[in-house]
Structures are given as structure tokens and as C-alpha cells.
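Engineer: Below is protein.txt; it holds compact mmCIF, C-alpha atoms.
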```
# COMPACT_ATOMS: atom_id res chain seq x y z
CA MET D 1 69.46 175.51 -33.77
CA SER D 2 66.68 176.54 -36.13
CA SER D 3 67.10 176.69 -39.90
CA THR D 4 67.14 180.49 -39.76
CA GLU D 5 70.34 180.32 -37.72
CA VAL D 6 72.22 178.36 -40.38
CA LYS D 7 74.19 180.93 -42.33
CA LEU D 8 77.42 179.15 -43.19
CA ILE D 9 77.38 175.63 -44.59
CA GLY D 10 80.43 173.43 -44.98
CA VAL D 11 80.59 170.57 -47.45
CA VAL D 12 83.30 167.92 -47.14
CA GLY D 13 84.08 166.31 -50.48
CA ALA D 14 83.92 167.97 -53.90
CA GLY D 15 82.88 164.81 -55.74
CA GLN D 16 79.51 164.27 -57.38
CA MET D 17 77.37 164.51 -54.23
CA GLY D 18 79.43 167.18 -52.48
CA ARG D 19 79.57 169.55 -55.41
CA GLY D 20 75.82 169.12 -55.97
CA ILE D 21 75.06 169.92 -52.33
CA ALA D 22 77.41 172.92 -52.44
CA GLN D 23 75.85 174.21 -55.66
CA VAL D 24 72.28 174.02 -54.36
CA ALA D 25 73.24 175.71 -51.08
CA ALA D 26 75.16 178.50 -52.86
CA MET D 27 72.24 179.02 -55.26
CA SER D 28 69.94 179.26 -52.22
CA ASP D 29 72.02 182.20 -50.98
CA TYR D 30 73.93 180.37 -48.26
CA GLN D 31 77.62 181.00 -47.78
CA VAL D 32 79.34 177.67 -48.51
CA VAL D 33 82.80 176.36 -47.68
CA LEU D 34 83.56 173.48 -50.06
CA PHE D 35 86.42 171.38 -48.67
CA ASP D 36 88.33 168.63 -50.38
CA ILE D 37 91.70 167.23 -49.38
CA ASN D 38 92.74 167.07 -53.05
CA GLN D 39 93.30 170.38 -54.90
CA GLU D 40 92.73 168.75 -58.28
CA GLY D 41 89.39 167.31 -57.16
CA LEU D 42 88.43 170.64 -55.61
CA ASP D 43 89.25 172.51 -58.83
CA PHE D 44 87.24 170.01 -60.86
CA GLY D 45 84.26 170.26 -58.49
CA HIS D 46 84.30 174.06 -58.48
CA GLY D 47 84.69 174.15 -62.27
CA PHE D 48 81.80 171.72 -62.68
CA ILE D 49 79.56 173.94 -60.54
CA LYS D 50 80.50 176.96 -62.67
CA LYS D 51 79.71 175.04 -65.87
CA GLN D 52 76.31 173.98 -64.50
CA LEU D 53 75.48 177.56 -63.53
CA ASP D 54 76.65 178.92 -66.90
CA ARG D 55 74.52 176.30 -68.64
CA GLY D 56 71.52 177.66 -66.73
CA VAL D 57 72.22 181.12 -68.18
CA GLU D 58 72.38 179.65 -71.70
CA LYS D 59 69.01 177.97 -71.14
CA GLY D 60 67.45 181.15 -69.74
CA LYS D 61 66.89 179.73 -66.25
CA TRP D 62 68.72 182.63 -64.58
CA ASP D 63 70.94 185.54 -65.49
CA SER D 64 74.68 186.08 -65.15
CA SER D 65 74.26 188.16 -61.98
CA PHE D 66 72.66 185.13 -60.31
CA VAL D 67 75.65 183.00 -61.33
CA GLU D 68 78.07 185.64 -60.05
CA LYS D 69 76.27 185.78 -56.71
CA ALA D 70 76.09 181.98 -56.36
CA LEU D 71 79.79 181.60 -57.17
CA GLY D 72 80.53 184.43 -54.73
CA ASN D 73 78.78 182.39 -52.03
CA LEU D 74 81.18 179.49 -52.64
CA LYS D 75 84.61 179.26 -51.01
CA PRO D 76 86.64 176.24 -52.16
CA THR D 77 89.44 175.16 -49.83
CA THR D 78 91.85 172.34 -49.06
CA ASN D 79 92.21 173.53 -45.46
CA MET D 80 89.77 171.72 -43.17
CA ASN D 81 90.21 174.47 -40.56
CA ASP D 82 88.25 176.77 -42.89
CA LEU D 83 85.15 174.84 -41.74
CA LYS D 84 85.56 176.06 -38.15
CA ASP D 85 82.83 178.73 -38.27
CA CYS D 86 80.24 176.64 -40.13
CA ASP D 87 76.80 176.21 -38.59
CA LEU D 88 76.19 173.01 -40.54
CA VAL D 89 78.78 170.69 -42.09
CA ILE D 90 77.66 168.00 -44.54
CA GLU D 91 80.13 165.20 -45.19
CA ALA D 92 79.95 163.76 -48.70
CA ALA D 93 83.24 161.88 -48.90
CA THR D 94 83.87 158.44 -50.32
CA GLU D 95 81.99 155.51 -48.76
CA ASN D 96 84.90 154.30 -46.66
CA LYS D 97 84.26 153.78 -42.95
CA LYS D 98 87.82 154.58 -41.84
CA ILE D 99 87.92 157.80 -43.88
CA LYS D 100 84.52 158.93 -42.61
CA PHE D 101 85.50 158.26 -38.99
CA GLU D 102 88.69 160.28 -39.45
CA ILE D 103 86.73 163.14 -41.02
CA PHE D 104 84.20 163.25 -38.19
CA LYS D 105 86.87 163.05 -35.49
CA SER D 106 88.61 166.01 -37.12
CA LEU D 107 85.37 167.96 -37.59
CA ASP D 108 84.45 167.36 -33.96
CA GLU D 109 87.66 169.12 -32.93
CA ILE D 110 87.50 171.90 -35.53
CA VAL D 111 83.90 173.15 -35.74
CA LYS D 112 82.17 175.21 -33.09
CA ASP D 113 80.30 173.41 -30.31
CA ASP D 114 76.81 174.24 -31.56
CA ALA D 115 77.50 173.23 -35.17
CA ILE D 116 75.44 170.42 -36.64
CA LEU D 117 77.26 167.65 -38.46
CA ALA D 118 75.62 165.56 -41.18
CA SER D 119 76.68 162.63 -43.31
CA ASN D 120 75.55 161.78 -46.80
CA THR D 121 76.43 158.13 -46.22
CA SER D 122 74.38 155.47 -47.92
CA SER D 123 76.04 152.37 -46.50
CA ILE D 124 77.62 153.15 -43.13
CA SER D 125 75.60 153.25 -39.92
CA ILE D 126 75.06 156.82 -38.72
CA THR D 127 75.21 155.44 -35.17
CA GLU D 128 78.73 154.17 -35.80
CA ILE D 129 79.76 157.51 -37.29
CA ALA D 130 78.24 159.37 -34.34
CA ALA D 131 80.37 157.30 -31.97
CA ALA D 132 83.44 158.93 -33.54
CA THR D 133 82.27 162.32 -32.21
CA LYS D 134 81.40 163.93 -28.89
CA ARG D 135 78.16 165.29 -30.35
CA ALA D 136 76.10 162.27 -31.36
CA GLU D 137 72.91 164.25 -30.67
CA LYS D 138 73.95 166.79 -33.31
CA LEU D 139 74.72 164.34 -36.10
CA LEU D 140 72.27 163.85 -38.95
CA GLU D 141 72.06 161.43 -41.82
CA CYS D 142 71.10 163.10 -45.07
CA THR D 143 71.03 160.50 -47.79
CA LEU D 144 70.15 162.18 -51.08
```
The structure in this file should be written as C-alpha cells.
Structural biologist:
Amino acid sequence: MSSTEVKLIGVVGAGQMGRGIAQVAAMSDYQVVLFDINQEGLDFGHGFIKKQLDRGVEKGKWDSSFVEKALGNLKPTTNMNDLKDCDLVIEAATENKKIKFEIFKSLDEIVKDDAILASNTSSISITEIAAATKRAEKLLECTL
């Protein structure tokens, strides 16, 4: 899959890394599904993104129509099945091996066969994570 084929990006985890990844993707005119298992965390992450974008308007970096479009590109959800049509899913959950394995096993079943999965892990072997899926060749490590 080439980068021009990536139209819908999923981000798992609305914490610091996940919300940052989602914000940059939405600002870059990608459609983004931001998933978190916790509604409170999801609301905080989405609200934080909105504050960051509004702050950019205040500083003259962009106008309100840009913010409206970026926020329109962002779909927050607590339903992992909403990631099913994503071309690329970036996992940015807590650094817990068991949790990451469970996430990738679920993603492997949910997302389409040609979707690329990526992990933002900084301490867990990407090879170990790949073993939890049936698509090891389509799993990337993207440590930011």
C-alpha cells in the first residue's frame, strides 16, 4: 500500500501520544478515528486537541475554518469496531505488554486484510507484538 492509498487512519489510545498523532493526522487532512476504551479519557483527549487548535487561531497560525475542518476530520469513539475500515491503525496505548497484545489480537480480527498496523511502543519488542497478529509483515514500529 502506498501513502496515497491511506485515507482513513485509526489511533488507539487518546493519551498524550495518541491525541498528538490524531491531531497531526487530522490537521494534515486525513480522516481519523480516535479510539479509547475509556469515555472520560477520550473526551479529555478530544478536548485537548480542540484547545490546541483554538490556541493556534489565537496565535495567528491558522484560521477558524482550518480548526473546523481538522475537528471535522476527527471521529472519537469507544467502539473498537469503528476502526474496521481504517487503512492504517497506530496503537498508542499504555506500555503494558499484555494490553498491547490484546489490542493487536483484536485489531487483527477487526481491520481489513490490507490494513497496516503500527505501534508507538518504546519498550516492547515489535517482533513480540507482531507474533500476536496474523500480519507480521504489515506491522510497523513508529516510536515518536
Engineer: Measuring atom to atom with only C-alpha atoms, identify which of D:Lys100, D:Lys112, D:Arg135, D:Lys105 is nearest to Leu88 of chain D.
Structural biologist: D:Lys112
Engineer: Residues proximal to (94.4, 167.5, -54.4) were defined as those with any atom within 12 Å of that point in the file's coordinates, counting only C-alpha atoms. Which are they, as a list of chain:residue names?
Structural biologist: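 Residues lying no farther than 12 Å from the given point: D:Gly13, D:Ala14, D:Gly15, D:Phe35, D:Asp36, D:Ile37, D:Asn38, D:Gln39, D:Glu40, D:Gly41, D:Leu42, D:Asp43, D:Phe44, D:Gly45, D:Pro76, D:Thr77, D:Thr78, D:Asn79.
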Engineer: How about saving the chosen residues, C-alpha atoms kept, as a JSON list (two decimals), keeping the file's coordinate frame?
Structural biologist:
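Dumped to out.json:
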```json
[["chain", "number", "residue", "atom", "x", "y", "z"],
["D", 13, "GLY", "CA", 84.08, 166.31, -50.48],
["D", 14, "ALA", "CA", 83.92, 167.97, -53.90],
["D", 15, "GLY", "CA", 82.88, 164.81, -55.74],
["D", 35, "PHE", "CA", 86.42, 171.38, -48.67],
["D", 36, "ASP", "CA", 88.33, 168.63, -50.38],
["D", 37, "ILE", "CA", 91.70, 167.23, -49.38],
["D", 38, "ASN", "CA", 92.74, 167.07, -53.05],
["D", 39, "GLN", "CA", 93.30, 170.38, -54.90],
["D", 40, "GLU", "CA", 92.73, 168.75, -58.28],
["D", 41, "GLY", "CA", 89.39, 167.31, -57.16],
["D", 42, "LEU", "CA", 88.43, 170.64, -55.61],
["D", 43, "ASP", "CA", 89.25, 172.51, -58.83],
["D", 44, "PHE", "CA", 87.24, 170.01, -60.86],
["D", 45, "GLY", "CA", 84.26, 170.26, -58.49],
["D", 76, "PRO", "CA", 86.64, 176.24, -52.16],
["D", 77, "THR", "CA", 89.44, 175.16, -49.83],
["D", 78, "THR", "CA", 91.85, 172.34, -49.06],
["D", 79, "ASN", "CA", 92.21, 173.53, -45.46]]
```
Engineer: I'd like to know which of D:Glu68, D:Glu91, D:Glu128, D:Glu137 is closest to Asp29 of chain D, using all atoms listed in the file.
Structural biologist: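 Going through D:Glu68, D:Glu91, D:Glu128, D:Glu137 one by one, the smallest distance to Asp29 of chain D is for D:Glu68.
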Engineer: Could you tell me how far atom CA of Ile21 of chain D lies from atom CA of Gly47 of chain D, in Å and to one decimal?
Structural biologist: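 According to the coordinates, atom CA of Ile21 of chain D and atom CA of Gly47 of chain D are separated by 14.5 Å.
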Engineer: In Å, rounded to a single decimal, give me how far atom CA of Gly10 of chain D is from atom CA of Glu58 of chain D.
Structural biologist: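 Atom CA of Gly10 of chain D lies 28.6 Å from atom CA of Glu58 of chain D.
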Engineer: Measure the distance from atom CA of Arg55 of chain D to atom CA of Ile90 of chain D in Å and round it to one decimal.
Structural biologist: 25.7 Å
Engineer: From the set D:Ser119, D:Gly20, D:Leu34, D:Leu83, which residue has the shortest atom-to-atom contact distance to Phe101 of chain D, counting all atoms listed in the file?
Structural biologist: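 Residue with the minimum atom-to-atom distance to Phe101 of chain D: D:Ser119.
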Engineer: For Trp62 of chain D, which of D:Met27, D:Thr94, D:Ser123, D:Glu102 is the closest residue, counting only C-alpha atoms?
Structural biologist: D:Met27
Engineer: Taking into account only C-alpha atoms, which residue in the set D:Val6, D:Leu117, D:Ile129, D:Val32 is nearest to Gly72 of chain D?
Structural biologist: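 For Gly72 of chain D, the nearest of the candidates is D:Val32.
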Engineer: Pick out the closest residue to Val12 of chain D from this set: D:Lys98, D:Lys51, D:Ser65, D:Val33. Count only C-alpha atoms.
Structural biologist: D:Val33
Engineer: Report as an NGL selection string all protein, DNA and RNA residues lying within 7 Å of Lys7 of chain D, evaluated on only C-alpha atoms, omitting residues in the same chain fewer than 6 positions from it.
Structural biologist: :D and (30-31 or 87)
Engineer: Can you list, as a PDB file with C-alpha atoms, in the frame of the given file, every protein, DNA or RNA residue that comes within 12 Å of Ser28 of chain D when you count all atoms listed in the file, leaving out same-chain residues fewer than 5 positions away?
Structural biologist:
```pdb
ATOM      1  CA  LYS D   7      74.190 180.930 -42.330  1.00  0.00           C
ATOM      2  CA  LEU D   8      77.420 179.150 -43.190  1.00  0.00           C
ATOM      3  CA  ILE D   9      77.380 175.630 -44.590  1.00  0.00           C
ATOM      4  CA  ILE D  21      75.060 169.920 -52.330  1.00  0.00           C
ATOM      5  CA  ALA D  22      77.410 172.920 -52.440  1.00  0.00           C
ATOM      6  CA  GLN D  23      75.850 174.210 -55.660  1.00  0.00           C
ATOM      7  CA  PHE D  66      72.660 185.130 -60.310  1.00  0.00           C
ATOM      8  CA  VAL D  67      75.650 183.000 -61.330  1.00  0.00           C
ATOM      9  CA  LYS D  69      76.270 185.780 -56.710  1.00  0.00           C
ATOM     10  CA  ALA D  70      76.090 181.980 -56.360  1.00  0.00           C
ATOM     11  CA  LEU D  71      79.790 181.600 -57.170  1.00  0.00           C
ATOM     12  CA  ASN D  73      78.780 182.390 -52.030  1.00  0.00           C
ATOM     13  CA  LEU D  74      81.180 179.490 -52.640  1.00  0.00           C
TER      14      LEU D  74
END
```
